[in-house]
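Novice: First the structure, which I've put down as structure tokens, then a few questions once you've had a look.
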Amino acid sequence: MGAFIVRRLIVNLGVFLLITMGIFALVHAAPGDPVQMMINPEQVAAGGAAFVARQRHLLGLDQGLPVQYWDWLRNAMGGHLGYSYLQDRPVTAVIGERVGPTAELMGLAVVVSLVVGIPLGIIAAVRRNTAVDYGATVFSLGAISIPPFFLGISAIYLFCLKWNLLPSAGMSTPGTSSTGDRAAHLVLPVLILGLAAAGPITRYARSGLIGELAEDYVRTAEAKGASRTRVVLRHAFRNSLVPLITVIAMSIPTLLAGAVVIEQVFAWPGMGQLAISSITQNDYPVVIGFSLYIAALVLFCNLAADVLYAVADPRVSLR
Amino acid sequence: MKTLRSRSVTAVAAGIALAAGGLAGCSGPSTSAGSSPSAGSAASSALNVYLYQKPKQFSPLEAANGPDQAVMSLVFDSLLGPDANYKLQPHLAMDQPVISPDATTFTFKLRPHLKWSDGKPFTSKDVLFTYNLVANAASGSASSANYSLVQGYDAVAAGTAKTLSGFSAPDDNTFVIKTSRPSIGLLGLAAVVPILPEHVLGSVPLAALAKNDFFNNPKVGMGPYQFVVYKTDQYVELRANPNYRSKVNIGRIFLKPVTSDVATAQLGTGEMDIAQISATDLPTVQKMKNMTVVAKDAPGYTRIALNQTKPAFADAKIRQAFLYAVDRKKIVDSVLGGNGTVPNDSFVGQTPPAGLNDYAYNPAKAKELLREGGWNPATTVTLAWIPGQRDRDTTVTVIQSQLQAAGVKVSLKQVQAADLVDSYTTLKFDMVLYGGGGYAVDPWNAHTILGCDTFYPTGGNIAHFCDKALDQEMLTANKTTDASARAALYQKAAQIENAQASYFWLYNPKSVWAHNTRVKNFQASGDFTNPFINISSWTIG
């Protein structure tokens with residue numbers, strides 16, 4: 001397995017390099033000049049032309065694209081992703097401030113999705129065609145179909161405005177640092193994101209397990225006297241893990257996409273808000289940094305999924 | 001080795017524990033300082049105020065950005081500052097500047113014995129330092145050309161001098177600006193610059209100044225509040241400056257950059273004390289308990305720029321026809337709920353001259369002018385705008401439909417800011433709807449959108465409107481020191497502009513503010529980038 005991981009990391013590095021080139025080219029091909037975006041057109045007379053020319057030179061934007069890319073790559077290999085055009089601060093600092101809040105939100109949402117999705121899927125499969133199964137199906141379809149932003153706005157209306165039970169936005173109440181306050185701010189966004197991600201997990205857990213429960217080895221195990229619970233959890237469920245691992249691994253970058261919307265709705269200061277503001281204001285270095293963060297996350301999740309396949313199913317050999 | 005079953009049970013148990021922990025914190029909106037009207041003395045000393053966008057950096061050198069300016073208005077102070085009626089009032093200056101008869105020398109006397117928030121004495125040295133910075137492009141200043149009339153500017157721009165000879169500080173309490181040409185309008189641009197501490201920044205090399213961390217954490221200032229921290233994307237925390245030139249009653253302020261929807265919701269939950277609200281949210285807010293709503297005219301206005309490099313729009317008759325074709329009064333009444341006025345020139349805040357054409361809704365007149373102007377009814381023009389503001393999103397559909405009725409085909413195009421700025425440079429737009437601007441402090445400020453020598457990107461004249469007579473009138477007014485004579489000249493300029501229909505003026509929306517009734521003495525500001533015009537008078541009770 002060690003050799004497999006090393007090989008995959010080398011391949012991932014090559015893929016990552018190609019991704020950097022693609023993102024760099026695409027970002028610079030987007031309409032709009034990032035320096036002109038910094039200055040209100042009505043304030044251009046105040047020195048805009050000279051300011052624009054100076055800034056373009058300072059930011060290296062008057063160089064050709066290959067030169068800009070090479071300069072960026074050299075700095076990136078040293079861990080320096082450049083400076084945000086808008087905030088004049090290192091991109092690593094700008095992104096670093098927001099990774100924590102997003103990780104907190106996503107991490108808890110992943111836990112909720114697993115805690116809800118897997119047990120619900122198992123119960124629905126074992127109690128197929130009963131009220132429990134139908135309920136799980138309704139839940140999972142609803143979670144997949146209803147847009148998170150709608151749930152978010154509805155939740156704010158009910159829990160915050162109407163019933164005044166929970167805070168409506170932000171990570172904490174300004175000036176407060178209590179854990180209870182932080183937890184109260186987490187409840188709605190975590191539940192919405194987590195339950196939305198639990199929908200597909202429930203569906204895949206259910207359908208995978210139903211398929212395994214129809215296999216001969218299950219009948220054999222039961223005939224040998226194994227309890228139903230042992231057969232389901234130790235044998236059948238383990239064999240249905242491979243497609244489920246894929247869904248879970250891919251749900252993490254998807255959760256990040258969903259987090260963009262939820263972060264806007266709940267004013268959560270995470271990567272999602274940063275992505276929107278940097279894209280709309282042509283803050284190239286931050287856009288590139290954010291895109292690379294997503295690319296790295298997807299590559300890592302793919303690698304983790306491949307490794308977990310071998311852990312879950314000994315028949316899978318890593319080559 | 002653990003079995004799959006025990007691992008699963010552990011994972012499920014951990015998940016339930018985390019969820020339970022989260023739900024255990026479910027205690028309703030926190031009653032900590034500032035967020036609940038019924039909290040004790042800690043809450044009475046803190047205020048939550050809406051910030052309409054996330055701030056970027058708190059630097060007078062950067063291109064003007066509304067939320068940054070809102071924060072800087074609390075942390076820094078300037079020689080003069082606008083009041084609620086956009087009249088410049090003395091702040092750090094003791095009185096209005098003495099202007100020489102030829103309008104080329106402006107002498108400011110500073111208030112004596114003032115201190116920075118760190119206790120160091122404030123003197124004219126700080127003022128001199130600041131103005132030399134903002135007037136020098138090498139410092140990274142985005143507004144250096146505002147000072148192109150100041151003596152010595154060219155030498156600094158050429159790199160042959162480090163400071164402008166036109167700025168001087170003859171003593172600790174006097175600051176003088178000398179210009180090479182008369183310009184009363186310079187006051188409106190220059191006298192409101194936030195003053196920076198020379199004792200903090202004076203030793204920083206010029207080339208490194210713009211990136212100095214002071215502008216992310218401006219801990220030293222002359223404003224009513226001291227900067228504490230900016231929790232990125234969450235809030236800016238400020239506390240009262242004990243060395244401010246007058247007493248400040250509120251101990252802490254939290255400025256929260258949230259969307260207007262969230263701000264309106266938080267007014268209802270008590271998490272926000274003061275917020276600017278849109279006209280569409282007004283009915284909701286008016287139903288809230290413990291809420292007061294006040295409104296004030298904005299210093300700018302919403303308009304459409306017609307691209308006058310295109311022959312169709314070069315004719316004033318066509319531009320006039322467009323004004324007659326649209327019922328602007330009805331837009332104000334229905335879209336803004338009556339919270340606005342209809343402008344007929346760009347000199348916002350000035351008394352309109354008598355006899356100004358109000359271009360009242362008259363579709364028949366519009367059709368007649370279109371015929372006279374030779375408008376081709378087969379032509380389709382594009383109206384571009386940045387979506388997201390509800391009043392503008394609704395207004396464009398009204399305009400499309402009413403222009404259509406007058407015989408002008410309009411297609412609507414939503415754009416992003418980047419596309420819009422590109423189109424200003426390439427001149428590929430037909431009509432662009434946008435708004436804002438700050439013309440109320442001094443009518444000269446409107447020159448950037450009206451001047452023959454201020455076509456974008458040299459200036460803000462996106463429409464490429466040009467009228468030599470108007471230019472001449474404004475230039476003469478800018479040289480005139482007598483206030484009533486200057487006002488008369490600008491009134492004449494307004495008449496010229498009105499007749500030429502320079503812009504498709506739409507409405508001057510009022511800035512509508514909602515505040516919790518526990519906030520006393522709040523005075524509405526029309527400028528939503530500066531809501532704190534009388535903050536020293538605010539109390540919580």
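All residue names refer to the structure tokens as shown: chains lettered A, B, ... in order, residues numbered from 1 in each chain, ligands numbered from 1 in order.
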Could you pull out the helix (DSSP H, G or I) residues of segment 454-540 of chain B, going by DSSP on the backbone, and write them as an MDAnalysis selection string?
Specialist: chainID B and resid 468:479 483:500 535:537
Novice: Using only C-alpha atoms, I'd like a table of the residues in segment 190-298 of chain A that come within 8 Å of segment 99-114 of chain A; for each, show the closest atom pair and its distance in Å rounded to one decimal, ordered by chain and ascending number, as a Markdown table.
Specialist:
| residue | atom | partner | partner_atom | distance |
| --- | --- | --- | --- | --- |
| A:Val190 | CA | A:Ala109 | CA | 5.0 |
| A:Leu191 | CA | A:Ala109 | CA | 6.7 |
| A:Leu193 | CA | A:Ala109 | CA | 5.7 |
| A:Gly194 | CA | A:Ala109 | CA | 4.0 |
| A:Leu195 | CA | A:Ser113 | CA | 5.7 |
| A:Ala196 | CA | A:Ser113 | CA | 7.6 |
| A:Ala197 | CA | A:Ser113 | CA | 5.5 |
| A:Ala198 | CA | A:Ser113 | CA | 4.2 |
| A:Gly199 | CA | A:Ser113 | CA | 8.0 |
| A:Ile201 | CA | A:Ser113 | CA | 7.5 |
| A:Ile252 | CA | A:Val110 | CA | 7.4 |
| A:Leu255 | CA | A:Met106 | CA | 6.7 |
| A:Leu256 | CA | A:Met106 | CA | 7.0 |
| A:Ala259 | CA | A:Met106 | CA | 7.4 |
| A:Trp268 | CA | A:Pro101 | CA | 7.6 |
| A:Pro269 | CA | A:Pro101 | CA | 6.6 |
| A:Gly270 | CA | A:Thr102 | CA | 4.8 |
| A:Met271 | CA | A:Thr102 | CA | 6.0 |
| A:Gly272 | CA | A:Thr102 | CA | 7.9 |
Novice: Would you mind listing what lies within 7 Å of segment 117-125 of chain B as a list in words, with only C-alpha atoms counted and same-chain residues fewer than 5 positions away left out?
Specialist: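 The residues that qualify are Ala169, Asp172, Asn173, Thr174, Phe175, Val220, Gly221, Met222, Gln226, Asn241 and Asn243 of chain B.
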Novice: Just give me the gap between atom CA of Tyr439 of chain B and atom CA of Asp261 of chain B in Å, one decimal is fine.
Specialist: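 Atom CA of Tyr439 of chain B sits 28.4 Å away from atom CA of Asp261 of chain B.
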Novice: Find the distance between atom CA of Asp181 of chain A and atom CA of Leu166 of chain A and write it in Å to one decimal.
Specialist: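 Between atom CA of Asp181 of chain A and atom CA of Leu166 of chain A the gap is 9.6 Å.
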Novice: With distances taken over only C-alpha atoms, which residue among B:Phe455, B:Phe106, B:Trp375, B:Phe129 lies nearest chain A?
Specialist: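 The answer is B:Phe455, which sits nearest to chain A.
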Novice: From the list B:Val293, B:Ile318, B:Leu47, B:Ala135, which residue is nearest Leu189 of chain B when using only C-alpha atoms?
Specialist: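 Closest to Leu189 of chain B, using only C-alpha atoms: B:Ala135.
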Novice: Would you mind telling me which residue in B:Ala384, B:Val294, B:Leu282, B:Ala446 lies nearest to chain A when using only C-alpha atoms?
Specialist: B:Ala446
Novice: Do you know which residues are at most 12 Å from Ser334 of chain B counting only C-alpha atoms, after dropping those on the same chain fewer than 3 positions away, and could you put them as number ranges by chain?
Specialist: B: 279-280, 327-331, 337-340, 391, 394-395, 398
Novice: Show me, as a ChimeraX atom specification, the residues that have an atom within 12 Å of Lys289 of chain B when counting only C-alpha atoms, minus same-chain residues fewer than 2 positions from it.
Specialist: /B:37,267-270,284-287,291-293,514-518
Novice: Looking at only C-alpha atoms, which of B:Ala463, B:Val332, B:Leu196, B:Ala487 is the one that sits closest to chain A?
Specialist: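 Between B:Ala463, B:Val332, B:Leu196, B:Ala487, the residue approaching chain A most closely is B:Ala463.
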Novice: Need to verify the contact set: Lys54 of chain B, 9 Å, only C-alpha atoms, exclusion of same-chain residues closer than 4 positions in sequence. Can you return it as a compact mmCIF listing (two decimals) with N, CA and C atoms, in the first residue's frame?
Specialist:
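Below is the file that was written, part_19.txt:
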# COMPACT_ATOMS: atom_id res chain seq x y z
N PRO B 67 -17.32 50.81 2.72
CA PRO B 67 -17.20 50.26 4.07
C PRO B 67 -15.89 50.66 4.76
N ASP B 68 -14.81 50.76 3.98
CA ASP B 68 -13.55 51.22 4.58
C ASP B 68 -13.72 52.63 5.12
N THR B 232 -12.25 38.84 10.54
CA THR B 232 -12.48 38.81 9.10
C THR B 232 -13.88 38.31 8.75
N ASP B 233 -14.56 39.13 7.98
CA ASP B 233 -15.91 38.83 7.50
C ASP B 233 -16.96 38.73 8.61
N GLN B 234 -16.58 39.04 9.84
CA GLN B 234 -17.56 38.92 10.94
C GLN B 234 -17.93 40.28 11.52
N TYR B 235 -16.98 40.99 12.05
CA TYR B 235 -17.27 42.31 12.59
C TYR B 235 -15.98 43.09 12.82
N LYS B 256 -20.99 45.26 11.62
CA LYS B 256 -21.18 43.89 11.13
C LYS B 256 -21.47 43.90 9.63
N PRO B 257 -20.55 43.34 8.84
CA PRO B 257 -20.78 43.29 7.39
C PRO B 257 -21.64 42.08 7.03
N VAL B 258 -22.92 42.32 6.90
CA VAL B 258 -23.84 41.25 6.51
C VAL B 258 -24.66 41.76 5.33
Novice: Would you list, as a PyMOL selection string, the residues of segment 93-311 of chain B that end up in strand (DSSP E) under DSSP run on this structure's backbone?
Specialist: chain B and resi 98-99+105-109+167-171+174-178+225-231+235-240+252-257+274-277+291-297+302-306
Novice: For Phe108 of chain B, list every protein, DNA or RNA residue within 10 Å, evaluated using only C-alpha atoms, and leave out those in the same chain fewer than 4 positions away; present the list as a list in words.
Specialist: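 Listed by chain and then number, they are Leu79, Leu80, Pro90, Leu92, Ala93, Met94, Asp95, Gln96, Pro97, Val98, Ile99, Ser124, Ala169, Asn173, Thr174, Phe175, Val176, Ile177 and Ala191 of chain B.
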Novice: If you keep N, CA and C atoms, can you produce a file of those selected residues as a CSV table (one decimal), in the first residue's frame?
Specialist:
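Saved as part_34.csv:
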chain,number,residue,atom,x,y,z
B,79,LEU,N,-9.7,67.5,8.7
B,79,LEU,CA,-9.7,68.9,9.0
B,79,LEU,C,-11.2,69.4,9.0
B,80,LEU,N,-12.0,69.0,8.0
B,80,LEU,CA,-13.4,69.4,7.9
B,80,LEU,C,-14.2,68.1,7.7
B,90,PRO,N,-16.1,72.4,10.7
B,90,PRO,CA,-14.7,72.1,11.3
B,90,PRO,C,-14.7,70.9,12.2
B,92,LEU,N,-11.0,68.8,12.9
B,92,LEU,CA,-9.7,69.1,13.5
B,92,LEU,C,-9.3,70.5,13.3
B,93,ALA,N,-9.9,71.1,12.3
B,93,ALA,CA,-9.7,72.6,12.1
B,93,ALA,C,-10.6,73.3,13.1
B,94,MET,N,-10.1,74.4,13.6
B,94,MET,CA,-10.9,75.2,14.6
B,94,MET,C,-12.1,75.8,14.0
B,95,ASP,N,-11.9,76.2,12.7
B,95,ASP,CA,-12.9,76.9,12.0
B,95,ASP,C,-12.8,76.7,10.5
B,96,GLN,N,-13.7,77.3,9.7
B,96,GLN,CA,-13.5,77.2,8.3
B,96,GLN,C,-12.2,77.8,7.9
B,97,PRO,N,-11.6,77.3,6.8
B,97,PRO,CA,-10.3,77.8,6.4
B,97,PRO,C,-10.4,79.3,5.9
B,98,VAL,N,-9.4,80.0,6.0
B,98,VAL,CA,-9.3,81.4,5.4
B,98,VAL,C,-8.9,81.2,4.0
B,99,ILE,N,-9.7,81.7,3.1
B,99,ILE,CA,-9.4,81.5,1.7
B,99,ILE,C,-9.0,82.9,1.1
B,124,SER,N,0.3,70.2,13.4
B,124,SER,CA,0.2,70.4,12.0
B,124,SER,C,1.3,69.5,11.2
B,169,ALA,N,3.5,74.0,7.0
B,169,ALA,CA,3.0,74.1,8.4
B,169,ALA,C,3.8,75.1,9.1
B,173,ASN,N,0.0,74.7,14.9
B,173,ASN,CA,-1.4,74.8,14.8
B,173,ASN,C,-1.9,75.4,13.5
B,174,THR,N,-1.0,75.5,12.5
B,174,THR,CA,-1.4,76.1,11.2
B,174,THR,C,-1.0,75.2,10.0
B,175,PHE,N,-1.9,75.0,9.1
B,175,PHE,CA,-1.6,74.2,7.9
B,175,PHE,C,-2.1,75.1,6.7
B,176,VAL,N,-1.2,75.2,5.7
B,176,VAL,CA,-1.6,76.0,4.5
B,176,VAL,C,-1.4,75.2,3.2
B,177,ILE,N,-2.4,75.4,2.3
B,177,ILE,CA,-2.4,74.8,1.0
B,177,ILE,C,-2.3,76.0,0.0
B,191,ALA,N,-10.2,68.5,2.0
B,191,ALA,CA,-10.3,68.8,3.4
B,191,ALA,C,-10.9,67.7,4.2
Novice: Between B:Arg252, B:Lys520, B:His113, B:Arg319, single out the one closest to chain A, counting only C-alpha atoms.
Specialist: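 Closest to chain A, using only C-alpha atoms: B:Arg252.
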Novice: Using only C-alpha atoms, which residue out of A:Thr130, A:Ser227, A:Gln264, A:Thr246 lies closest to chain B?
Specialist: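 Counting only C-alpha atoms, the residue closest to chain B is A:Gln264.
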